[in-house]
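*Asks:* Got a file for you: coords24.cif, mmCIF, C-alpha atoms and all ligand atoms.
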data_model
loop_
_atom_site.label_atom_id
_atom_site.label_comp_id
_atom_site.auth_asym_id
_atom_site.auth_seq_id
_atom_site.Cartn_x
_atom_site.Cartn_y
_atom_site.Cartn_z
CA MET A 1 22.36 0.28 -20.82
CA LYS A 2 23.44 1.00 -24.37
CA ILE A 3 26.00 3.77 -24.57
CA LEU A 4 24.74 5.90 -27.42
CA THR A 5 26.47 9.12 -28.25
CA LEU A 6 25.50 11.31 -31.20
CA GLY A 7 28.62 10.06 -32.99
CA LYS A 8 27.67 6.45 -32.42
CA ILE A 9 24.16 6.98 -33.76
CA LEU A 10 25.60 8.60 -36.90
CA ASN A 11 28.03 5.70 -37.34
CA ASP A 12 26.04 2.64 -36.35
CA TYR A 13 22.44 3.58 -37.17
CA ARG A 14 22.95 5.48 -40.41
CA ASP A 15 20.92 2.99 -42.42
CA PHE A 16 17.83 3.79 -40.37
CA LEU A 17 18.14 7.55 -40.87
CA THR A 18 17.10 9.85 -43.70
CA ASP A 19 19.58 12.34 -45.19
CA TYR A 20 17.63 15.09 -43.46
CA GLU A 21 17.97 13.40 -40.07
CA ILE A 22 21.70 12.79 -40.61
CA ASN A 23 22.33 16.43 -41.47
CA GLU A 24 20.32 17.67 -38.49
CA LEU A 25 22.26 15.39 -36.14
CA LYS A 26 25.54 16.70 -37.53
CA GLU A 27 24.36 20.25 -36.88
CA ILE A 28 23.54 19.43 -33.27
CA GLN A 29 26.98 17.84 -32.88
CA LYS A 30 28.64 21.11 -33.89
CA LYS A 31 26.62 23.41 -31.63
CA ARG A 32 27.37 24.18 -27.99
CA THR A 33 24.03 24.52 -26.23
CA ASP A 34 22.72 23.76 -22.78
CA PHE A 35 21.38 20.33 -21.83
CA ALA A 36 17.66 21.08 -22.24
CA SER A 37 18.11 22.79 -25.63
CA GLN A 38 20.21 19.93 -26.90
CA VAL A 39 17.63 17.34 -25.85
CA LYS A 40 14.85 19.31 -27.53
CA ALA A 41 16.86 19.78 -30.74
CA LEU A 42 17.76 16.10 -30.85
CA GLN A 43 14.20 14.93 -30.29
CA THR A 44 12.93 17.25 -33.03
CA ALA A 45 15.64 16.10 -35.45
CA LEU A 46 15.65 12.38 -34.76
CA PHE A 47 11.96 11.82 -34.07
CA GLY A 48 10.40 14.47 -36.31
CA GLU A 49 7.55 12.04 -37.01
CA GLU A 50 6.12 12.94 -33.61
CA TRP A 51 5.36 16.49 -34.71
CA ASP A 52 2.62 17.85 -36.91
CA PHE A 53 1.84 17.09 -40.50
CA MET A 54 3.75 20.16 -41.72
CA THR A 55 6.99 19.06 -40.04
CA ARG A 56 6.66 15.57 -41.43
CA GLU A 57 6.16 16.98 -44.92
CA MET A 58 9.44 18.86 -44.62
CA THR A 59 11.41 15.98 -43.16
CA ASP A 60 10.19 13.19 -45.35
CA THR A 61 9.13 13.30 -48.98
CA SER A 62 6.97 10.21 -48.67
CA ASN A 63 3.36 10.49 -47.59
CA PRO A 64 3.42 10.81 -43.79
CA MET A 65 0.16 8.93 -43.44
CA SER A 66 1.27 5.96 -45.52
CA LYS A 67 1.98 2.50 -44.22
CA GLU A 68 5.51 2.65 -45.65
CA TYR A 69 6.22 5.86 -43.76
CA THR A 70 5.03 4.43 -40.46
CA GLU A 71 6.99 1.25 -41.08
CA ARG A 72 10.19 3.14 -41.81
CA VAL A 73 10.03 5.35 -38.74
CA ASN A 74 9.06 2.45 -36.48
CA LYS A 75 11.99 0.43 -37.78
CA LYS A 76 14.29 3.29 -36.83
CA ARG A 77 12.59 3.68 -33.43
CA ALA A 78 12.86 -0.07 -32.70
CA ALA A 79 16.56 -0.08 -33.64
CA LEU A 80 17.17 2.75 -31.18
CA GLY A 81 15.05 1.11 -28.48
CA VAL A 82 12.26 3.71 -28.62
CA GLY A 83 8.51 2.93 -28.59
CA PRO A 84 6.60 3.01 -31.92
CA ILE A 85 4.19 5.64 -33.22
CA ASN A 86 0.60 4.54 -33.69
CA SER A 87 -1.43 4.70 -36.93
CA ALA A 88 -2.43 8.28 -36.14
CA GLY A 89 1.26 9.24 -36.02
CA SER A 90 1.44 9.85 -32.27
CA PRO A 91 4.08 8.41 -29.96
CA THR A 92 2.79 5.71 -27.60
CA ASP A 93 5.02 6.72 -24.67
CA ASN A 94 7.71 9.25 -23.69
CA SER A 95 10.61 6.93 -24.53
CA SER A 96 11.93 9.17 -27.33
CA TYR A 97 12.37 12.03 -24.86
CA LEU A 98 14.13 9.80 -22.31
CA PHE A 99 16.27 8.36 -25.10
CA CYS A 100 17.37 11.85 -26.21
CA GLU A 101 18.16 12.88 -22.64
CA GLU A 102 20.41 9.84 -22.31
CA VAL A 103 22.16 10.49 -25.65
CA VAL A 104 22.89 14.10 -24.69
CA ARG A 105 24.12 13.02 -21.26
CA GLN A 106 26.44 10.44 -22.79
CA THR A 107 27.65 12.67 -25.64
CA LYS A 108 28.82 15.14 -22.96
CA ASN A 109 28.84 18.08 -25.32
CA TYR A 110 26.38 20.34 -23.47
CA THR A 111 27.46 23.62 -21.93
CA GLU A 112 26.82 22.72 -18.27
CA PHE A 113 29.14 19.70 -18.59
CA LEU A 114 31.80 21.59 -20.56
CA ASP A 115 31.76 24.41 -17.98
CA LEU A 116 32.33 21.94 -15.15
CA LYS A 117 35.26 20.40 -17.00
CA ARG A 118 36.76 23.81 -17.67
CA ARG A 119 36.58 24.61 -13.96
CA LYS A 120 37.90 21.13 -13.11
CA ALA A 121 34.70 20.63 -11.11
CA LYS A 122 32.66 17.45 -10.86
CA GLN A 123 29.03 16.55 -11.42
CA THR A 124 27.02 16.08 -8.23
CA VAL A 125 25.66 12.69 -7.15
CA PHE A 126 23.32 11.94 -4.26
CA VAL A 127 23.16 8.41 -2.90
CA ASP A 128 20.25 7.00 -0.91
CA MET A 129 20.84 4.79 2.14
CA ASP A 130 18.09 2.18 2.69
CA GLY A 131 18.08 -0.32 -0.15
CA VAL A 132 21.06 1.34 -1.85
CA LEU A 133 24.02 1.77 0.53
CA VAL A 134 22.31 -0.15 3.30
CA ASN A 135 20.90 -3.67 3.34
CA PHE A 136 17.62 -2.95 5.10
CA GLN A 137 16.72 -6.64 5.39
CA SER A 138 19.87 -7.34 7.46
CA GLY A 139 18.47 -5.03 10.16
CA ILE A 140 15.05 -6.68 10.08
CA ASP A 141 16.70 -10.07 10.47
CA ARG A 142 18.31 -8.91 13.73
CA ILE A 143 15.31 -7.48 15.61
CA SER A 144 13.51 -9.39 18.32
CA GLU A 145 10.38 -11.42 17.62
CA GLU A 146 8.58 -9.10 20.04
CA ASP A 147 9.49 -6.00 18.00
CA ARG A 148 8.66 -7.79 14.78
CA ILE A 149 5.08 -8.32 15.99
CA LYS A 150 4.75 -4.91 17.69
CA TYR A 151 5.95 -2.93 14.63
CA ASP A 152 4.48 -5.18 11.93
CA GLY A 153 3.97 -3.03 8.83
CA ASP A 154 6.14 -0.21 10.25
CA LEU A 155 9.44 -2.00 10.80
CA ASP A 156 11.40 1.17 10.04
CA GLU A 157 10.01 2.52 13.31
CA VAL A 158 11.69 -0.11 15.49
CA PRO A 159 14.01 1.86 17.82
CA GLY A 160 17.65 1.22 16.94
CA ILE A 161 16.92 -0.84 13.80
CA PHE A 162 19.10 1.37 11.60
CA SER A 163 22.17 0.63 13.71
CA LEU A 164 21.80 -3.09 12.96
CA MET A 165 22.11 -2.91 9.18
CA ASP A 166 24.98 -4.11 6.99
CA PRO A 167 26.12 -2.35 3.81
CA ASN A 168 24.77 -3.71 0.53
CA GLU A 169 27.15 -5.75 -1.61
CA GLY A 170 29.58 -3.46 -3.41
CA ALA A 171 28.11 -0.35 -1.77
CA ILE A 172 31.15 0.84 0.15
CA GLU A 173 33.54 0.36 -2.78
CA GLY A 174 30.95 1.88 -5.13
CA TYR A 175 30.45 4.94 -2.93
CA LYS A 176 34.21 5.47 -2.69
CA TRP A 177 34.55 5.19 -6.47
CA LEU A 178 31.82 7.80 -6.85
CA CYS A 179 33.68 10.10 -4.43
CA ASP A 180 36.77 9.96 -6.62
CA ASN A 181 34.84 10.87 -9.75
CA PHE A 182 31.83 12.92 -8.64
CA ASP A 183 30.92 15.41 -5.94
CA THR A 184 29.13 12.81 -3.83
CA TYR A 185 26.65 13.13 -0.94
CA ILE A 186 24.36 10.79 0.96
CA LEU A 187 20.70 11.80 0.69
CA SER A 188 18.43 9.72 2.87
CA THR A 189 15.11 9.97 4.67
CA ALA A 190 14.84 9.05 8.34
CA PRO A 191 11.37 8.01 9.53
CA TRP A 192 9.56 10.90 11.25
CA GLU A 193 8.16 8.57 13.92
CA ASN A 194 11.53 6.99 14.75
CA PRO A 195 13.87 9.60 16.32
CA SER A 196 16.62 7.03 16.94
CA ALA A 197 16.84 6.49 13.16
CA TRP A 198 18.17 10.06 12.77
CA ILE A 199 21.03 9.25 15.14
CA ASP A 200 21.59 5.71 13.87
CA LYS A 201 21.96 6.89 10.28
CA LEU A 202 24.72 9.29 11.30
CA LEU A 203 26.42 6.53 13.31
CA TRP A 204 26.14 4.13 10.35
CA VAL A 205 27.85 6.63 8.06
CA LYS A 206 30.57 7.27 10.66
CA LYS A 207 31.15 3.53 10.93
CA TYR A 208 31.23 2.54 7.28
CA LEU A 209 32.21 5.71 5.40
CA PRO A 210 34.02 7.82 8.02
CA GLU A 211 36.17 9.74 5.54
CA ALA A 212 34.40 9.45 2.20
CA ALA A 213 31.09 10.74 3.59
CA TYR A 214 32.45 13.03 6.31
CA LYS A 215 29.89 15.85 6.76
CA ARG A 216 28.17 14.73 3.56
CA LEU A 217 25.01 13.28 5.06
CA ILE A 218 21.71 14.95 4.18
CA LEU A 219 18.51 13.69 5.83
CA SER A 220 15.39 14.97 4.12
CA HIS A 221 11.81 14.11 3.19
CA ASN A 222 12.13 16.42 0.17
CA LYS A 223 14.74 14.94 -2.14
CA HIS A 224 13.41 16.91 -5.11
CA LEU A 225 14.93 20.05 -3.56
CA ALA A 226 18.48 18.69 -3.83
CA LYS A 227 20.37 20.41 -6.63
CA GLY A 228 22.54 18.01 -8.58
CA ASP A 229 23.01 15.77 -11.57
CA PHE A 230 22.25 12.24 -10.31
CA LEU A 231 20.27 10.60 -7.55
CA ILE A 232 20.86 6.91 -6.94
CA ASP A 233 17.71 5.75 -5.16
CA ASP A 234 15.65 2.56 -5.00
CA ARG A 235 12.33 4.40 -4.68
CA THR A 236 10.44 7.40 -5.99
CA ALA A 237 9.11 8.37 -2.53
CA ASN A 238 10.06 11.50 -0.56
CA GLY A 239 10.66 13.54 -3.70
CA ALA A 240 13.09 11.08 -5.36
CA GLY A 241 10.74 10.65 -8.34
CA GLU A 242 10.70 14.44 -8.85
CA PHE A 243 14.45 14.89 -8.55
CA PRO A 244 15.35 17.38 -11.32
CA GLY A 245 18.46 15.48 -12.52
CA LYS A 246 18.74 11.84 -13.52
CA HIS A 247 17.12 9.36 -11.13
CA VAL A 248 19.26 6.24 -11.29
CA HIS A 249 16.53 3.85 -10.19
CA PHE A 250 18.41 1.26 -8.17
CA GLY A 251 17.45 -2.23 -7.00
CA PRO A 252 15.11 -5.07 -7.91
CA THR A 253 12.16 -2.78 -8.65
CA GLY A 254 14.28 -0.21 -10.48
CA HIS A 255 15.76 -0.06 -13.97
CA LYS A 256 17.12 -3.40 -15.25
CA ASP A 257 20.61 -1.90 -15.68
CA PHE A 258 20.73 -0.66 -12.09
CA ARG A 259 19.91 -3.86 -10.20
CA ASP A 260 23.16 -3.72 -8.22
CA TRP A 261 26.21 -1.55 -7.58
CA LYS A 262 28.13 -3.15 -10.44
CA GLY A 263 25.49 -1.99 -12.91
CA VAL A 264 25.41 1.52 -11.46
CA ILE A 265 29.17 1.98 -11.58
CA SER A 266 29.42 0.65 -15.12
CA TYR A 267 26.79 3.24 -16.16
CA MET A 268 28.38 6.11 -14.21
CA LYS A 269 31.82 5.37 -15.67
CA ASN A 270 30.64 6.68 -19.05
CA LEU A 271 29.52 9.96 -17.58
CA VAL A 272 32.73 11.15 -15.92
MG MG A 301 15.77 3.75 -0.22
#
Please express the file's structure as structure tokens.

*Replies:*
Amino acid sequence: MKILTLGKILNDYRDFLTDYEINELKEIQKKRTDFASQVKALQTALFGEEWDFMTREMTDTSNPMSKEYTERVNKKRAALGVGPINSAGSPTDNSSYLFCEEVVRQTKNYTEFLDLKRRKAKQTVFVDMDGVLVNFQSGIDRISEEDRIKYDGDLDEVPGIFSLMDPNEGAIEGYKWLCDNFDTYILSTAPWENPSAWIDKLLWVKKYLPEAAYKRLILSHNKHLAKGDFLIDDRTANGAGEFPGKHVHFGPTGHKDFRDWKGVISYMKNLV
């Protein structure tokens, strides 16, 4: 993932910006506001083309409906990795919002972050188990043929299966690194129909992360209720997709930068 702070945009992408946009960005840089306000201000300043005709008239002297105008703003959007606007002037996706969220997060100039630093406190991270800390497949590989047939389609309901799983590559080291730099918890879901999974998950944590995750295991089907800054999870199920902070979408079906622990740690390093 590109590391784009406000300063970096002003330095490296200046040629794509109008004087108005440059000045607005400088104003945002100076202000101390909360995360949400900063994201909103940045999106309005940097992607003003997404707003109504009146706003566009103020931000750009050229005709907002012209081909040249659309070309210019789309060149800027492409350079920043944001989706284009269509001929009617509307954005084609929500990538500008996600982009601004990431810039604010990486600029680290918002009040919530500054307050934490002042108190010498850390941002909170939740880490999922299956598919993130735990190699789920390694457990499947160890069950009997009989269980494989009996629980086909519901393999997470095989009694004891969670005690058979190995850690994912880099997971233990990654989790420990997170503990040193973030307030870190495990947030996992144990299958409702497999009571042994609730025990086995605790035993797994005691075996592989006895100190780092001591009394830091949360089992829940409602991950969206967890209050924190990051959730590293390979799925959107059980509330993960509605987590109020940043969902670091891990694994092969997740974000391309978060395919493995190496990618996750290299991203998280910029946010300490
Ligand atoms: Mg998972």

*Asks:* Please provide the set of residues having any atom within 10 Å of stretch 97-113 of chain A, restricted to only C-alpha atoms, with same-chain residues fewer than 6 positions apart removed, written as a ChimeraX atom specification.

*Replies:* /A:1-9,28-44,46-47,80-82,121-123,246,267-268,270-272

*Asks:* What is the distance between atom CA of A:Ser90 and atom CA of A:Gly48, in Å to one decimal?

*Replies:*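 Spanning atom CA of A:Ser90 to atom CA of A:Gly48 is a straight-line distance of 10.9 Å.
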
*Asks:* From the options A:Asn168, A:Asp93, A:Gly251, A:Phe182, which residue's atoms come nearest to A:Asn135, counting only C-alpha atoms?

*Replies:* A:Asn168

*Asks:* Could the residues of chain A that have an atom at most 6 Å from ligand MG 301 (chain A) be listed as CSV, each with its closest atom pair and the distance in Å to one decimal, counting all atoms listed in the file and ordered by chain and ascending residue number?

*Replies:*
residue,atom,partner,partner_atom,distance
A:Asp128,CA,A:MG301,MG,5.6
A:Met129,CA,A:MG301,MG,5.7
A:Asp130,CA,A:MG301,MG,4.0
A:Gly131,CA,A:MG301,MG,4.7
A:Asp233,CA,A:MG301,MG,5.7
A:Asp234,CA,A:MG301,MG,4.9
A:Arg235,CA,A:MG301,MG,5.7

*Asks:* Can you tell me, as a PDB file with C-alpha atoms, in the coordinates of the input, what residues are no more than 9 Å from A:Lys223 when counting all atoms listed in the file, ignoring any on the same chain fewer than 2 positions away?

*Replies:*
ATOM      1  CA  LEU A 187      20.700  11.800   0.690  1.00  0.00           C
ATOM      2  CA  SER A 188      18.430   9.720   2.870  1.00  0.00           C
ATOM      3  CA  THR A 189      15.110   9.970   4.670  1.00  0.00           C
ATOM      4  CA  LEU A 219      18.510  13.690   5.830  1.00  0.00           C
ATOM      5  CA  SER A 220      15.390  14.970   4.120  1.00  0.00           C
ATOM      6  CA  HIS A 221      11.810  14.110   3.190  1.00  0.00           C
ATOM      7  CA  LEU A 225      14.930  20.050  -3.560  1.00  0.00           C
ATOM      8  CA  ALA A 226      18.480  18.690  -3.830  1.00  0.00           C
ATOM      9  CA  LEU A 231      20.270  10.600  -7.550  1.00  0.00           C
ATOM     10  CA  ALA A 237       9.110   8.370  -2.530  1.00  0.00           C
ATOM     11  CA  ASN A 238      10.060  11.500  -0.560  1.00  0.00           C
ATOM     12  CA  GLY A 239      10.660  13.540  -3.700  1.00  0.00           C
ATOM     13  CA  ALA A 240      13.090  11.080  -5.360  1.00  0.00           C
ATOM     14  CA  GLY A 241      10.740  10.650  -8.340  1.00  0.00           C
ATOM     15  CA  GLU A 242      10.700  14.440  -8.850  1.00  0.00           C
ATOM     16  CA  PHE A 243      14.450  14.890  -8.550  1.00  0.00           C
TER      17      PHE A 243
END

*Asks:* Could you jot down the atom CA of A:Asn23 to atom CA of A:Arg72 separation for me, Å, one decimal place?

*Replies:* 18.0 Å

*Asks:* When you draw a straight line from atom CA of A:Ser96 to atom CA of A:Ser66, how long is it in Å?

*Replies:*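 If I compute the distance from atom CA of A:Ser96 to atom CA of A:Ser66, I get 21.3 Å.
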
*Asks:* Between A:Gly170, A:Asn194, A:Asp200, A:Ile186, which is the closest to A:Glu157 once you count only C-alpha atoms?

*Replies:*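 Nearest to A:Glu157: A:Asn194.
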
*Asks:* Enumerate, as JSON, numbers by chain, the protein, DNA and RNA residues whose atoms approach (33.5, 9.1, 6.1) to within 12 Å, taking into account only C-alpha atoms and the coordinate frame of the file.

*Replies:* {"A": [172, 175, 176, 179, 184, 185, 186, 202, 203, 204, 205, 206, 207, 208, 209, 210, 211, 212, 213, 214, 215, 216, 217]}

*Asks:* Could you turn the residues from that selection into a file that holds C-alpha atoms, as a JSON list (two decimals), in the frame of the given file?

*Replies:*
[["chain", "number", "residue", "atom", "x", "y", "z"],
["A", 172, "ILE", "CA", 31.15, 0.84, 0.15],
["A", 175, "TYR", "CA", 30.45, 4.94, -2.93],
["A", 176, "LYS", "CA", 34.21, 5.47, -2.69],
["A", 179, "CYS", "CA", 33.68, 10.10, -4.43],
["A", 184, "THR", "CA", 29.13, 12.81, -3.83],
["A", 185, "TYR", "CA", 26.65, 13.13, -0.94],
["A", 186, "ILE", "CA", 24.36, 10.79, 0.96],
["A", 202, "LEU", "CA", 24.72, 9.29, 11.30],
["A", 203, "LEU", "CA", 26.42, 6.53, 13.31],
["A", 204, "TRP", "CA", 26.14, 4.13, 10.35],
["A", 205, "VAL", "CA", 27.85, 6.63, 8.06],
["A", 206, "LYS", "CA", 30.57, 7.27, 10.66],
["A", 207, "LYS", "CA", 31.15, 3.53, 10.93],
["A", 208, "TYR", "CA", 31.23, 2.54, 7.28],
["A", 209, "LEU", "CA", 32.21, 5.71, 5.40],
["A", 210, "PRO", "CA", 34.02, 7.82, 8.02],
["A", 211, "GLU", "CA", 36.17, 9.74, 5.54],
["A", 212, "ALA", "CA", 34.40, 9.45, 2.20],
["A", 213, "ALA", "CA", 31.09, 10.74, 3.59],
["A", 214, "TYR", "CA", 32.45, 13.03, 6.31],
["A", 215, "LYS", "CA", 29.89, 15.85, 6.76],
["A", 216, "ARG", "CA", 28.17, 14.73, 3.56],
["A", 217, "LEU", "CA", 25.01, 13.28, 5.06]]

*Asks:* Considering all atoms listed in the file, can you say which of A:Leu155, A:Ile232, A:Leu17, A:Ile161 comes closest to A:Trp198?

*Replies:*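 Closest residue, counting all atoms listed in the file: A:Ile161.
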
*Asks:* I need the residue nearest A:Val248 from this list: A:Val264, A:Val158, A:Leu116, A:Val73. Use all atoms listed in the file for the distance.

*Replies:*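 Closest candidate: A:Val264.
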
*Asks:* Could you give me the axis-aligned bounding box of stretch 30-41 of chain A, with 3 Å of padding per side, as centre plus edge lengths in Å to one decimal, as lines of an AutoDock Vina configuration file?

*Replies:*
center_x = 21.7
center_y = 20.9
center_z = -27.9
size_x = 19.8
size_y = 13.2
size_z = 18.1

*Asks:* Using all atoms listed in the file, find the one residue out of A:Val132, A:Val125, A:Leu25, A:Ala79 that sits nearest to A:Thr253.

*Replies:*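 When distances to A:Thr253 are compared using all atoms listed in the file, the smallest one comes from A:Val132.
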
*Asks:* Which of these residues is nearest to A:Gly89, using only C-alpha atoms: A:Trp51, A:Trp261, A:Ala197, A:Arg119?

*Replies:*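 Nearest to A:Gly89: A:Trp51.
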